[in-house]
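Shown next: structure14.txt, containing compact mmCIF, C-alpha atoms and all ligand atoms.
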# COMPACT_ATOMS: atom_id res chain seq x y z
CA GLU A 1 13.59 -6.03 -22.98
CA SER A 2 15.90 -3.47 -21.46
CA LEU A 3 13.93 -3.49 -18.20
CA LEU A 4 13.91 -7.28 -18.08
CA ALA A 5 17.69 -7.18 -18.52
CA ARG A 6 17.94 -4.61 -15.74
CA ILE A 7 15.84 -6.81 -13.44
CA GLU A 8 18.09 -9.75 -14.28
CA ARG A 9 21.17 -7.68 -13.45
CA LEU A 10 20.02 -5.93 -10.26
CA ASP A 11 17.25 -7.90 -8.65
CA GLY A 12 19.40 -10.74 -7.36
CA GLU A 13 20.60 -8.19 -4.80
CA LEU A 14 17.38 -6.18 -4.29
CA ASN A 15 14.95 -9.13 -4.21
CA SER A 16 12.04 -6.87 -5.20
CA PHE A 17 10.37 -9.49 -7.43
CA ILE A 18 8.95 -12.85 -6.35
CA THR A 19 8.07 -13.86 -9.91
CA VAL A 20 9.30 -12.30 -13.16
CA THR A 21 6.96 -13.07 -16.07
CA ALA A 22 9.39 -12.35 -18.90
CA GLU A 23 7.75 -14.55 -21.51
CA GLN A 24 4.23 -13.21 -20.94
CA ALA A 25 5.62 -9.66 -20.91
CA LEU A 26 7.30 -10.05 -24.30
CA GLN A 27 4.08 -11.50 -25.73
CA ALA A 28 2.10 -8.60 -24.31
CA ALA A 29 4.60 -6.19 -25.83
CA ASP A 30 4.10 -7.77 -29.26
CA ALA A 31 0.34 -7.51 -28.77
CA ALA A 32 0.69 -3.83 -27.84
CA ASP A 33 2.76 -3.20 -30.99
CA ALA A 34 0.19 -4.98 -33.13
CA ALA A 35 -2.66 -3.00 -31.57
CA ARG A 36 -0.77 0.22 -32.17
CA ALA A 37 -0.19 -0.68 -35.82
CA LYS A 38 -3.95 -1.16 -36.23
CA GLY A 39 -4.70 2.11 -34.44
CA GLU A 40 -6.36 0.19 -31.62
CA ALA A 41 -3.83 0.78 -28.87
CA GLY A 42 -5.09 1.35 -25.31
CA PRO A 43 -4.20 4.61 -23.54
CA LEU A 44 -1.22 3.05 -21.73
CA ALA A 45 -0.15 0.73 -24.54
CA GLY A 46 3.31 -0.67 -23.95
CA LEU A 47 3.75 0.71 -20.43
CA PRO A 48 5.76 -1.81 -18.38
CA LEU A 49 4.83 -2.15 -14.72
CA ALA A 50 4.84 -4.58 -11.80
CA LEU A 51 2.09 -5.91 -9.56
CA LYS A 52 2.36 -6.57 -5.84
CA ASP A 53 2.01 -10.33 -5.39
CA ILE A 54 -1.31 -9.82 -3.60
CA PHE A 55 -3.21 -9.35 -6.89
CA CYS A 56 -4.57 -12.48 -8.50
CA THR A 57 -3.10 -13.03 -11.96
CA ARG A 58 -4.48 -15.75 -14.19
CA GLY A 59 -1.93 -18.46 -14.91
CA VAL A 60 0.75 -16.81 -12.76
CA ARG A 61 1.64 -17.67 -9.16
CA THR A 62 0.00 -15.36 -6.62
CA SER A 63 1.86 -16.05 -3.37
CA CYS A 64 0.95 -13.03 -1.20
CA GLY A 65 4.47 -13.41 0.23
CA SER A 66 3.43 -16.63 1.99
CA LYS A 67 4.53 -20.23 1.96
CA MET A 68 0.80 -20.96 2.24
CA LEU A 69 0.25 -19.76 -1.35
CA ASP A 70 3.69 -20.62 -2.78
CA ASN A 71 2.05 -23.17 -5.10
CA PHE A 72 -1.09 -21.13 -5.86
CA VAL A 73 -1.66 -20.23 -9.51
CA SER A 74 -4.74 -18.06 -9.74
CA PRO A 75 -7.48 -19.15 -12.18
CA TYR A 76 -8.61 -15.52 -12.67
CA ASP A 77 -7.40 -11.92 -12.81
CA ALA A 78 -8.16 -9.26 -10.20
CA THR A 79 -10.29 -6.41 -11.55
CA VAL A 80 -7.35 -4.00 -11.41
CA VAL A 81 -5.18 -6.47 -13.30
CA GLU A 82 -7.85 -6.80 -15.99
CA LYS A 83 -8.19 -3.03 -16.27
CA LEU A 84 -4.44 -2.47 -16.56
CA ALA A 85 -4.16 -5.13 -19.26
CA ALA A 86 -7.10 -3.65 -21.16
CA ALA A 87 -5.31 -0.27 -21.15
CA GLY A 88 -2.34 -1.96 -22.82
CA THR A 89 0.12 -2.12 -19.91
CA ILE A 90 2.64 -4.93 -19.68
CA SER A 91 3.24 -6.61 -16.34
CA LEU A 92 6.86 -7.66 -15.85
CA GLY A 93 6.01 -9.66 -12.75
CA LYS A 94 4.87 -9.91 -9.18
CA THR A 95 6.62 -7.98 -6.44
CA ASN A 96 7.80 -9.03 -3.01
CA MET A 97 5.78 -8.11 0.07
CA ASP A 98 5.29 -8.84 3.75
CA GLU A 99 3.35 -12.09 4.15
CA PHE A 100 -0.37 -11.33 3.65
CA ALA A 101 0.57 -7.60 3.74
CA MET A 102 1.32 -7.74 7.46
CA GLY A 103 4.34 -5.63 8.22
CA SER A 104 6.11 -2.31 7.73
CA SER A 105 9.54 -3.43 6.53
CA ASN A 106 9.08 -6.28 4.03
CA GLU A 107 11.03 -8.51 6.41
CA ASN A 108 8.01 -10.79 6.96
CA SER A 109 8.14 -12.25 3.45
CA HIS A 110 8.52 -15.98 2.90
CA TYR A 111 10.79 -15.00 -0.04
CA GLY A 112 13.24 -13.01 2.09
CA PRO A 113 13.60 -9.29 2.72
CA VAL A 114 13.82 -6.63 0.01
CA LYS A 115 16.69 -4.14 0.14
CA ASN A 116 16.26 -0.40 -0.15
CA PRO A 117 17.89 0.74 -3.42
CA TRP A 118 19.13 3.96 -1.77
CA ASP A 119 21.04 2.03 0.90
CA LEU A 120 21.26 -1.74 0.74
CA THR A 121 21.54 -1.99 4.54
CA ALA A 122 18.09 -0.37 4.97
CA VAL A 123 14.58 -1.79 4.65
CA PRO A 124 12.41 -0.54 1.76
CA GLY A 125 9.36 -0.26 4.06
CA GLY A 126 6.32 -2.46 3.81
CA SER A 127 4.21 -4.17 3.09
CA SER A 128 4.49 -3.08 -0.58
CA GLY A 129 8.29 -2.99 -0.27
CA GLY A 130 8.98 -4.88 -3.49
CA SER A 131 6.86 -2.49 -5.57
CA ALA A 132 8.53 0.55 -3.98
CA ALA A 133 12.07 -0.79 -4.43
CA ALA A 134 11.40 -1.87 -8.03
CA VAL A 135 10.21 1.62 -8.98
CA ALA A 136 13.00 3.37 -7.06
CA ALA A 137 15.65 1.20 -8.72
CA GLY A 138 14.27 1.93 -12.18
CA LEU A 139 13.28 -1.70 -12.78
CA VAL A 140 9.79 -0.50 -13.73
CA PRO A 141 8.38 3.02 -14.11
CA ALA A 142 5.34 2.19 -11.98
CA ALA A 143 3.84 -0.53 -9.81
CA LEU A 144 0.68 -1.39 -7.98
CA GLY A 145 0.62 -1.68 -4.20
CA THR A 146 -1.99 -2.06 -1.50
CA ASP A 147 -2.47 -0.06 1.66
CA THR A 148 -4.31 -1.37 4.72
CA GLY A 149 -2.49 0.79 7.26
CA GLY A 150 0.23 2.57 5.28
CA SER A 151 1.64 -0.10 2.99
CA ILE A 152 1.72 2.15 -0.10
CA ARG A 153 2.64 5.45 1.54
CA GLN A 154 5.36 4.29 3.97
CA PRO A 155 7.42 2.26 1.45
CA ALA A 156 6.98 5.09 -1.07
CA ALA A 157 8.43 7.44 1.55
CA PHE A 158 11.31 5.07 2.42
CA CYS A 159 12.22 4.59 -1.26
CA GLY A 160 11.80 8.21 -2.42
CA ILE A 161 8.87 7.67 -4.79
CA THR A 162 5.23 8.80 -4.96
CA GLY A 163 2.49 6.50 -3.63
CA LEU A 164 -1.24 7.09 -3.39
CA LYS A 165 -3.78 5.31 -1.21
CA PRO A 166 -7.19 6.08 -2.69
CA THR A 167 -10.43 6.58 -0.76
CA TYR A 168 -11.84 3.28 0.52
CA GLY A 169 -14.19 2.04 -2.21
CA ARG A 170 -12.55 3.99 -5.05
CA VAL A 171 -10.74 0.90 -6.42
CA SER A 172 -12.20 -2.60 -6.63
CA ARG A 173 -10.83 -5.19 -4.21
CA TYR A 174 -12.02 -8.10 -6.35
CA GLY A 175 -9.16 -10.53 -6.80
CA MET A 176 -6.95 -8.84 -4.24
CA VAL A 177 -6.05 -11.29 -1.47
CA ALA A 178 -7.94 -10.03 1.59
CA TYR A 179 -6.09 -8.94 4.72
CA ALA A 180 -8.46 -6.55 6.56
CA SER A 181 -11.38 -6.05 4.21
CA SER A 182 -12.71 -2.81 5.69
CA LEU A 183 -9.29 -1.15 5.34
CA ASP A 184 -7.62 -2.68 2.24
CA GLN A 185 -7.26 -0.49 -0.83
CA ALA A 186 -5.09 -0.77 -3.96
CA GLY A 187 -3.21 2.17 -5.40
CA PRO A 188 -0.39 3.36 -7.67
CA MET A 189 3.30 3.73 -6.81
CA ALA A 190 5.37 5.67 -9.35
CA ARG A 191 8.01 8.34 -9.85
CA SER A 192 5.59 11.26 -10.05
CA ALA A 193 2.08 12.36 -9.14
CA GLU A 194 1.32 12.57 -12.86
CA ASP A 195 2.15 8.89 -13.35
CA CYS A 196 0.04 8.03 -10.30
CA ALA A 197 -2.83 10.01 -11.85
CA LEU A 198 -2.60 7.99 -15.07
CA LEU A 199 -2.66 4.70 -13.20
CA LEU A 200 -5.41 5.68 -10.77
CA GLY A 201 -7.63 6.72 -13.69
CA THR A 202 -7.12 3.24 -15.13
CA ILE A 203 -7.81 1.17 -12.01
CA ALA A 204 -10.54 3.24 -10.28
CA GLY A 205 -14.27 2.73 -10.64
CA HIS A 206 -17.30 0.78 -9.63
CA ASP A 207 -17.17 -3.01 -9.84
CA LEU A 208 -20.23 -5.21 -9.37
CA ARG A 209 -17.91 -7.92 -8.05
CA ASP A 210 -16.89 -5.78 -5.05
CA SER A 211 -19.93 -4.58 -3.10
CA THR A 212 -17.83 -1.98 -1.26
CA SER A 213 -16.64 -0.30 -4.45
CA VAL A 214 -18.42 3.01 -4.91
CA ALA A 215 -20.64 3.84 -7.90
CA ARG A 216 -19.17 7.20 -8.72
CA GLY A 217 -17.70 8.57 -11.94
CA VAL A 218 -13.95 8.46 -12.45
CA PRO A 219 -12.62 11.94 -13.25
CA ASP A 220 -9.59 12.59 -15.46
CA TYR A 221 -7.07 12.66 -12.65
CA ARG A 222 -4.61 14.59 -14.81
CA ALA A 223 -7.03 17.41 -15.60
CA GLU A 224 -6.31 19.49 -12.48
CA LEU A 225 -2.58 18.82 -12.08
CA GLU A 226 -1.63 22.34 -13.14
CA ALA A 227 -4.31 24.17 -11.11
CA SER A 228 -2.95 27.01 -8.98
CA LEU A 229 -2.52 26.43 -5.26
CA SER A 230 -3.10 30.07 -4.43
CA GLY A 231 -5.57 30.19 -1.52
CA LEU A 232 -5.13 26.51 -0.63
CA LYS A 233 -5.67 25.98 3.10
CA ILE A 234 -3.21 23.51 4.62
CA GLY A 235 -3.65 22.10 8.11
CA LEU A 236 -0.75 20.70 10.11
CA PRO A 237 -2.07 18.23 12.69
CA LYS A 238 -0.16 19.05 15.85
CA GLU A 239 -0.23 15.39 16.88
CA TYR A 240 1.83 14.56 13.74
CA PHE A 241 4.72 16.76 14.84
CA GLY A 242 5.16 15.55 18.41
CA ASP A 243 7.38 13.16 20.35
CA GLY A 244 9.00 10.40 18.37
CA LEU A 245 9.36 12.37 15.13
CA ALA A 246 13.00 12.38 14.02
CA PRO A 247 14.22 16.02 13.90
CA GLU A 248 15.71 15.61 10.41
CA VAL A 249 12.42 14.22 9.10
CA GLU A 250 10.55 17.12 10.67
CA ALA A 251 12.98 19.61 9.09
CA ALA A 252 12.51 18.10 5.61
CA VAL A 253 8.71 18.13 5.98
CA ARG A 254 8.65 21.72 7.23
CA ASP A 255 10.86 22.80 4.31
CA ALA A 256 8.38 21.20 1.91
CA ILE A 257 5.52 23.05 3.58
CA LYS A 258 7.40 26.34 3.06
CA VAL A 259 7.42 25.60 -0.66
CA TYR A 260 3.63 25.44 -0.52
CA GLU A 261 3.50 28.79 1.25
CA SER A 262 5.61 30.24 -1.54
CA LEU A 263 3.01 28.88 -4.00
CA GLY A 264 0.27 30.89 -2.28
CA ALA A 265 -1.07 28.38 0.26
CA SER A 266 -1.80 29.30 3.85
CA VAL A 267 -0.86 27.08 6.76
CA ARG A 268 -2.49 26.65 10.15
CA GLU A 269 -2.24 24.18 12.99
CA VAL A 270 -5.14 21.78 13.51
CA SER A 271 -5.78 18.95 15.95
CA LEU A 272 -6.73 15.30 15.45
CA PRO A 273 -7.35 14.60 19.13
CA HIS A 274 -7.78 10.82 18.91
CA THR A 275 -4.49 10.19 17.10
CA ASP A 276 -2.97 8.24 19.99
CA LEU A 277 -5.83 5.72 19.78
CA ALA A 278 -5.20 4.87 16.12
CA ILE A 279 -2.54 2.20 16.62
CA PRO A 280 -4.42 0.31 19.36
CA ALA A 281 -7.72 0.50 17.42
CA TYR A 282 -6.08 -0.64 14.17
CA TYR A 283 -4.20 -3.50 15.81
CA VAL A 284 -7.52 -4.82 17.13
CA ILE A 285 -9.62 -4.32 13.99
CA ALA A 286 -7.06 -5.44 11.37
CA PRO A 287 -6.12 -8.73 13.14
CA ALA A 288 -9.82 -9.43 13.83
CA GLU A 289 -10.66 -9.16 10.13
CA ALA A 290 -7.48 -11.04 9.21
CA SER A 291 -8.29 -13.96 11.52
CA SER A 292 -11.60 -14.33 9.72
CA ASN A 293 -10.21 -13.84 6.19
CA LEU A 294 -7.31 -16.24 6.73
CA SER A 295 -9.53 -19.07 7.94
CA ARG A 296 -9.90 -20.06 4.27
CA TYR A 297 -6.33 -21.39 4.23
CA ASP A 298 -7.10 -24.81 5.62
CA GLY A 299 -5.27 -27.12 3.21
CA VAL A 300 -8.50 -28.32 1.62
CA ARG A 301 -9.15 -26.38 -1.59
CA PHE A 302 -5.94 -24.54 -2.49
CA GLY A 303 -2.55 -23.56 -1.21
CA HIS A 304 -0.21 -25.50 1.04
CA ARG A 305 -1.33 -28.88 2.42
CA CYS A 306 0.65 -30.88 5.01
CA GLU A 307 1.87 -34.38 4.13
CA ASN A 308 -0.22 -37.42 5.15
CA PRO A 309 -2.78 -35.87 7.49
CA ALA A 310 -4.15 -38.34 10.05
CA ASP A 311 -7.58 -36.72 10.11
CA LEU A 312 -9.27 -33.39 9.36
CA GLU A 313 -8.10 -31.67 12.52
CA ASP A 314 -4.51 -32.78 11.93
CA LEU A 315 -4.80 -31.46 8.35
CA TYR A 316 -5.88 -28.02 9.60
CA LYS A 317 -3.32 -27.85 12.37
CA ARG A 318 -0.24 -28.91 10.49
CA THR A 319 -1.15 -27.10 7.28
CA ARG A 320 -1.53 -23.83 9.14
CA ALA A 321 1.48 -24.41 11.43
CA GLU A 322 3.68 -25.04 8.38
CA GLY A 323 2.17 -22.53 5.95
CA PHE A 324 1.98 -19.33 8.03
CA GLY A 325 4.90 -17.28 9.32
CA ASP A 326 5.23 -15.92 12.87
CA GLU A 327 3.67 -12.50 12.31
CA VAL A 328 0.64 -13.97 10.55
CA LYS A 329 0.16 -16.46 13.39
CA ARG A 330 0.43 -13.63 15.93
CA ARG A 331 -2.30 -11.66 14.12
CA ILE A 332 -4.59 -14.69 13.88
CA LEU A 333 -4.18 -15.31 17.63
CA ILE A 334 -4.85 -11.66 18.49
CA GLY A 335 -7.82 -11.48 16.14
CA THR A 336 -9.37 -14.70 17.34
CA HIS A 337 -8.97 -13.59 20.94
CA THR A 338 -10.51 -10.13 20.44
CA LEU A 339 -13.49 -11.62 18.58
CA SER A 340 -14.16 -14.33 21.14
CA GLU A 341 -17.18 -14.31 23.41
CA GLY A 342 -16.39 -12.41 26.58
CA PHE A 343 -13.77 -10.17 24.93
CA PHE A 344 -15.68 -8.92 21.89
CA ASP A 345 -17.32 -5.92 23.62
CA ALA A 346 -14.15 -4.89 25.42
CA TYR A 347 -11.89 -5.02 22.36
CA TYR A 348 -13.54 -5.28 18.96
CA LYS A 349 -16.65 -3.23 19.69
CA LYS A 350 -14.63 -0.60 21.57
CA ALA A 351 -12.13 -0.39 18.69
CA GLN A 352 -14.99 0.20 16.24
CA GLN A 353 -16.30 3.02 18.43
CA VAL A 354 -12.84 4.56 18.55
CA ARG A 355 -12.62 4.20 14.77
CA ARG A 356 -15.71 6.37 14.47
CA LEU A 357 -14.11 9.09 16.63
CA ILE A 358 -10.92 8.99 14.53
CA ARG A 359 -12.96 9.42 11.35
CA GLN A 360 -14.83 12.34 12.92
CA ASP A 361 -11.50 14.04 13.79
CA PHE A 362 -10.66 14.16 10.09
CA LEU A 363 -14.13 15.31 9.03
CA ASP A 364 -13.93 18.13 11.60
CA ALA A 365 -10.46 19.17 10.40
CA PHE A 366 -11.64 19.29 6.77
CA GLU A 367 -14.33 21.82 7.80
CA ASP A 368 -11.49 24.33 8.20
CA VAL A 369 -8.75 23.27 5.76
CA ASP A 370 -8.51 21.72 2.29
CA VAL A 371 -5.69 19.27 2.94
CA LEU A 372 -3.59 18.07 5.85
CA MET A 373 0.18 17.67 5.67
CA GLY A 374 2.73 15.89 7.80
CA PRO A 375 5.38 13.16 7.69
CA ALA A 376 4.52 9.73 6.24
CA SER A 377 6.71 8.04 8.83
CA PRO A 378 8.40 9.18 12.06
CA THR A 379 11.85 8.09 10.83
CA PRO A 380 13.56 7.47 7.51
CA ALA A 381 14.08 3.84 6.47
CA PHE A 382 15.57 1.87 9.36
CA ASP A 383 18.27 -0.80 9.08
CA LEU A 384 17.39 -4.35 8.08
CA GLY A 385 16.97 -6.38 11.28
CA ALA A 386 16.68 -3.29 13.50
CA LYS A 387 13.13 -3.84 14.72
CA LYS A 388 12.82 -7.29 16.21
CA ASP A 389 10.03 -6.46 18.66
CA PRO A 390 6.63 -6.49 16.90
CA VAL A 391 5.27 -3.58 18.95
CA SER A 392 8.16 -1.31 17.91
CA MET A 393 7.26 -2.20 14.31
CA TYR A 394 3.58 -1.36 14.91
CA LEU A 395 4.55 2.05 16.31
CA GLN A 396 6.09 2.91 12.92
CA ASP A 397 2.57 3.19 11.54
CA ILE A 398 1.54 6.14 13.72
CA TYR A 399 1.04 8.62 10.83
CA THR A 400 -0.49 6.30 8.25
CA ILE A 401 -2.93 4.03 10.05
CA ALA A 402 -5.65 6.49 11.06
CA ILE A 403 -6.16 7.35 7.39
CA ASN A 404 -7.34 3.80 6.63
CA LEU A 405 -9.57 3.76 9.70
CA ALA A 406 -11.18 6.97 8.39
CA GLY A 407 -11.31 5.74 4.77
CA ILE A 408 -9.82 8.98 3.38
CA PRO A 409 -7.16 9.21 0.64
CA GLY A 410 -3.49 10.00 1.24
CA ILE A 411 -0.38 10.44 -0.89
CA SER A 412 3.30 10.34 0.01
CA VAL A 413 5.59 12.58 -2.01
CA PRO A 414 9.41 12.60 -1.93
CA ALA A 415 10.57 15.54 0.19
CA GLY A 416 14.33 15.37 0.56
CA PHE A 417 16.50 13.23 2.77
CA ALA A 418 17.30 12.56 6.41
CA SER A 419 20.58 10.82 7.28
CA GLY A 420 21.00 10.14 3.56
CA ARG A 421 17.71 8.26 3.29
CA PRO A 422 14.53 9.54 1.60
CA VAL A 423 11.75 11.34 3.49
CA GLY A 424 8.09 11.35 2.47
CA LEU A 425 5.69 14.26 2.83
CA GLN A 426 2.19 12.91 3.42
CA ILE A 427 -0.79 14.87 2.07
CA LEU A 428 -4.32 13.92 3.16
CA GLY A 429 -7.69 15.02 1.83
CA PRO A 430 -11.39 14.37 2.37
CA HIS A 431 -13.09 11.30 0.87
CA PHE A 432 -12.76 11.27 -2.96
CA ALA A 433 -10.34 14.24 -3.03
CA GLU A 434 -7.76 12.29 -5.08
CA GLN A 435 -7.80 14.88 -7.86
CA GLN A 436 -6.86 17.61 -5.40
CA LEU A 437 -4.18 15.48 -3.71
CA LEU A 438 -2.59 14.78 -7.09
CA ASN A 439 -2.71 18.48 -7.97
CA VAL A 440 -1.05 19.45 -4.68
CA ALA A 441 1.59 16.70 -5.02
CA HIS A 442 2.29 17.61 -8.66
CA GLN A 443 2.87 21.30 -7.87
CA PHE A 444 5.62 20.34 -5.41
CA GLN A 445 7.34 18.15 -7.99
N1 LIG B 1 2.07 -2.12 8.89
C1 LIG B 1 0.66 -2.33 8.91
C2 LIG B 1 0.34 -3.77 9.25
O1 LIG B 1 1.23 -4.52 9.42
C3 LIG B 1 0.04 -1.93 7.60
C4 LIG B 1 0.24 -2.93 6.53
C5 LIG B 1 -0.55 -2.62 5.30
O2 LIG B 1 -0.93 -1.47 5.04
N2 LIG B 1 -0.86 -3.66 4.54
O3 LIG B 1 -0.76 -4.16 9.38

Output the file's structure as structure tokens, nothing else.
Amino acid sequence: ESLLARIERLDGELNSFITVTAEQALQAADAADAARAKGEAGPLAGLPLALKDIFCTRGVRTSCGSKMLDNFVSPYDATVVEKLAAAGTISLGKTNMDEFAMGSSNENSHYGPVKNPWDLTAVPGGSSGGSAAAVAAGLVPAALGTDTGGSIRQPAAFCGITGLKPTYGRVSRYGMVAYASSLDQAGPMARSAEDCALLLGTIAGHDLRDSTSVARGVPDYRAELEASLSGLKIGLPKEYFGDGLAPEVEAAVRDAIKVYESLGASVREVSLPHTDLAIPAYYVIAPAEASSNLSRYDGVRFGHRCENPADLEDLYKRTRAEGFGDEVKRRILIGTHTLSEGFFDAYYKKAQQVRRLIRQDFLDAFEDVDVLMGPASPTPAFDLGAKKDPVSMYLQDIYTIAINLAGIPGISVPAGFASGRPVGLQILGPHFAEQQLLNVAHQFQ
């Protein structure tokens, strides 16, 4: 009740929620109390949290930040939503996001931008900007986000919280509205690595309804939090400390790395030679997959439908013209172009080959070091409205995007401030190294 009152008081300004489900939350709280009284409480009984509005929630609007799904009430729960409810958590609502998770500032939402709680003139980052702002403002202790090219880690960095993108396949994508299916992954956003560990342990695991989820046991992600970091080998990718990195961000990140040295870790420089190809490869592959995934929004079965269509083609055209925002249309056009006959080999196939090289860069680096460290973003949170040109927005993703192309896990941890705005230290590990990433993040906190 106190959090619902806090949301009521503060969220008019922040705009971090699209839908607040107060009534359902209070019912779930009663159910958690009753379960506790019977000794049947789940491990997270009574924990309030928020869900990015990309996760399907039965009986509750799931808009994905789009006019296209403004009227869509999901008939089923995503696997992660089911798992969180089974553990006894209480969802307070659905958080704001860039439309279909396309963006790095949360300014592409049909429901308006979210403000950064640290500075109301700054963006919270995106696309999980609502989840990040809600946690940072103390509206909820934790939230779920998704990360296709940085959308958990970059808003976590901009809002001074901890956000983890798990290994691709660690968490089921069933019931999560698809953007780029070979990159999308859900993960926790919270105030500490320990809280992220609790949530990851709840949502991770194999799911027969998602054929890309991996059949692999889920460890107790809290078990290793206190393990010593003495002897840990840290690699600093030299490409992550080059041109374009704001000096104050670099200083904060280097200070954080010194803390690790004082904890017994050793640091060496490594190279990820194909780093400069990550943005072009991603912005071919992600729009290609998006153009295919978003073809389902045609006005026929669900979502927005234009008034009085003259015929089927008119229905498609006007529904999509009215329902999608500019950035989504841009991605559909790019994706359709790069997949079309005559361009496929030059763009899509080439991007997939480059993706392989990027993945190999990381595998080679992890032959020599345990984890990689660097900034989550080249700058702290920028001002609302500052990046009008889409390419300048895409360039923001330079340190986060390759991680999704490689499928490895990454976590952003609060590491001080630059120009009064939070800075995130990004820690990367090999596939399925979440336990180690959480240990390393926890020791800093
Ligand atoms: N900013 C990137 C994009 O717009 C990543 C978004 C995300 O991770 N969902 O595609």

Please produce, as a Markdown table, a per-residue contact table for chain A versus ligand LIG 1 (chain B) (criterion: any atom at most 6 Å away, all atoms listed in the file considered), showing the nearest atom pair and its distance in Å to one decimal, sorted by chain then residue number.
| residue | atom | partner | partner_atom | distance |
| --- | --- | --- | --- | --- |
| A:Ala101 | CA | B:LIG1 | N2 | 4.3 |
| A:Met102 | CA | B:LIG1 | O1 | 3.8 |
| A:Gly103 | CA | B:LIG1 | O1 | 3.5 |
| A:Ser104 | CA | B:LIG1 | N1 | 4.2 |
| A:Ser127 | CA | B:LIG1 | N2 | 5.3 |
| A:Asp147 | CA | B:LIG1 | O2 | 4.0 |
| A:Thr148 | CA | B:LIG1 | O2 | 3.4 |
| A:Gly149 | CA | B:LIG1 | O2 | 3.5 |
| A:Gly150 | CA | B:LIG1 | O2 | 4.2 |
| A:Ser151 | CA | B:LIG1 | O2 | 3.6 |
| A:Asp397 | CA | B:LIG1 | N1 | 6.0 |

(request) Could you tell me how far atom CA of A:Met97 lies from atom CA of A:Ser131, in Å and to one decimal? (result) 8.0 Å

As JSON: centre and edge lengths in Å, one decimal, of the axis-aligned box holding stretch 114-127 of chain A with 3 Å per side:
{"center_x": 12.9, "center_y": -1.3, "center_z": 0.8, "size_x": 23.3, "size_y": 16.6, "size_z": 14.4}

(message) As an exercise, work out the distance from atom CA of A:Pro378 to atom CA of A:Arg268 in Å and give it to one decimal place.
(response)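 Value for the atom CA of A:Pro378-atom CA of A:Arg268 distance: 20.7 Å.
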
(message) What does the structure give for the distance between atom CA of A:Arg170 and atom CA of A:Glu289, in Å to one decimal?
(response)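 Spanning atom CA of A:Arg170 to atom CA of A:Glu289 is a straight-line distance of 20.2 Å.
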
Surrounding residues of A:Lys349 excluding itself and chain neighbours under 6 positions, 10 Å, only C-alpha atoms, as a PDB file with C-alpha atoms, keeping the file's coordinate frame:
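Generated file (around37.pdb):
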ATOM      1  CA  ALA A 281      -7.720   0.500  17.420  1.00  0.00           C
ATOM      2  CA  VAL A 284      -7.520  -4.820  17.130  1.00  0.00           C
ATOM      3  CA  ILE A 285      -9.620  -4.320  13.990  1.00  0.00           C
ATOM      4  CA  THR A 338     -10.510 -10.130  20.440  1.00  0.00           C
ATOM      5  CA  LEU A 339     -13.490 -11.620  18.580  1.00  0.00           C
ATOM      6  CA  PHE A 343     -13.770 -10.170  24.930  1.00  0.00           C
ATOM      7  CA  ARG A 355     -12.620   4.200  14.770  1.00  0.00           C
TER       8      ARG A 355
END

(request) Would you please work out which residue, of A:Ser128, A:Phe241, A:Lys115, A:Val81, is nearest to A:Ile203 when using only C-alpha atoms? (result)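 For A:Ile203, the nearest of the candidates is A:Val81.
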
(message) Which residue is closest to A:Ala376? Choose from A:His110, A:Arg153, A:Lys83, A:Arg330 and count all atoms listed in the file.
(response) A:Arg153

(message) With distances taken over only C-alpha atoms, which residue among A:Leu229, A:Ala265, A:Leu312, A:Ala180 lies nearest A:Ser292?
(response) A:Ala180

Can you build me a table of stretch 125-234 of chain A residues sitting at most 8 Å from stretch 430-436 of chain A, with the closest atom pair per residue and its distance in Å to one decimal, using only C-alpha atoms, sorted by chain and residue number, as JSON lines?
{"residue": "A:Pro166", "atom": "CA", "partner": "A:Glu434", "partner_atom": "CA", "distance": 6.7}
{"residue": "A:Thr167", "atom": "CA", "partner": "A:His431", "partner_atom": "CA", "distance": 5.7}
{"residue": "A:Arg170", "atom": "CA", "partner": "A:Phe432", "partner_atom": "CA", "distance": 7.6}
{"residue": "A:Pro219", "atom": "CA", "partner": "A:Gln435", "partner_atom": "CA", "distance": 7.8}
{"residue": "A:Tyr221", "atom": "CA", "partner": "A:Gln435", "partner_atom": "CA", "distance": 5.3}
{"residue": "A:Arg222", "atom": "CA", "partner": "A:Gln435", "partner_atom": "CA", "distance": 7.7}
{"residue": "A:Glu224", "atom": "CA", "partner": "A:Gln435", "partner_atom": "CA", "distance": 6.7}
{"residue": "A:Leu225", "atom": "CA", "partner": "A:Gln435", "partner_atom": "CA", "distance": 7.8}

(message) Here is a test: counting all atoms listed in the file, which residue of A:Gly342, A:Gly264, A:Gly46, A:Gly235 is nearest to A:Gln426?
(response)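 Comparing A:Gly342, A:Gly264, A:Gly46, A:Gly235 against A:Gln426, the winner is A:Gly235.
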
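Residues lying within 9 Å of A:Pro113, counting only C-alpha atoms and ignoring same-chain neighbours fewer than 4 positions away, are A:Leu14, A:Asn15, A:Ser16, A:Asn96, A:Met97, A:Asp98, A:Ser105, A:Asn106, A:Glu107, A:Asn108, A:Ser109, A:Val123, A:Pro124, A:Gly129, A:Gly130, A:Leu384.
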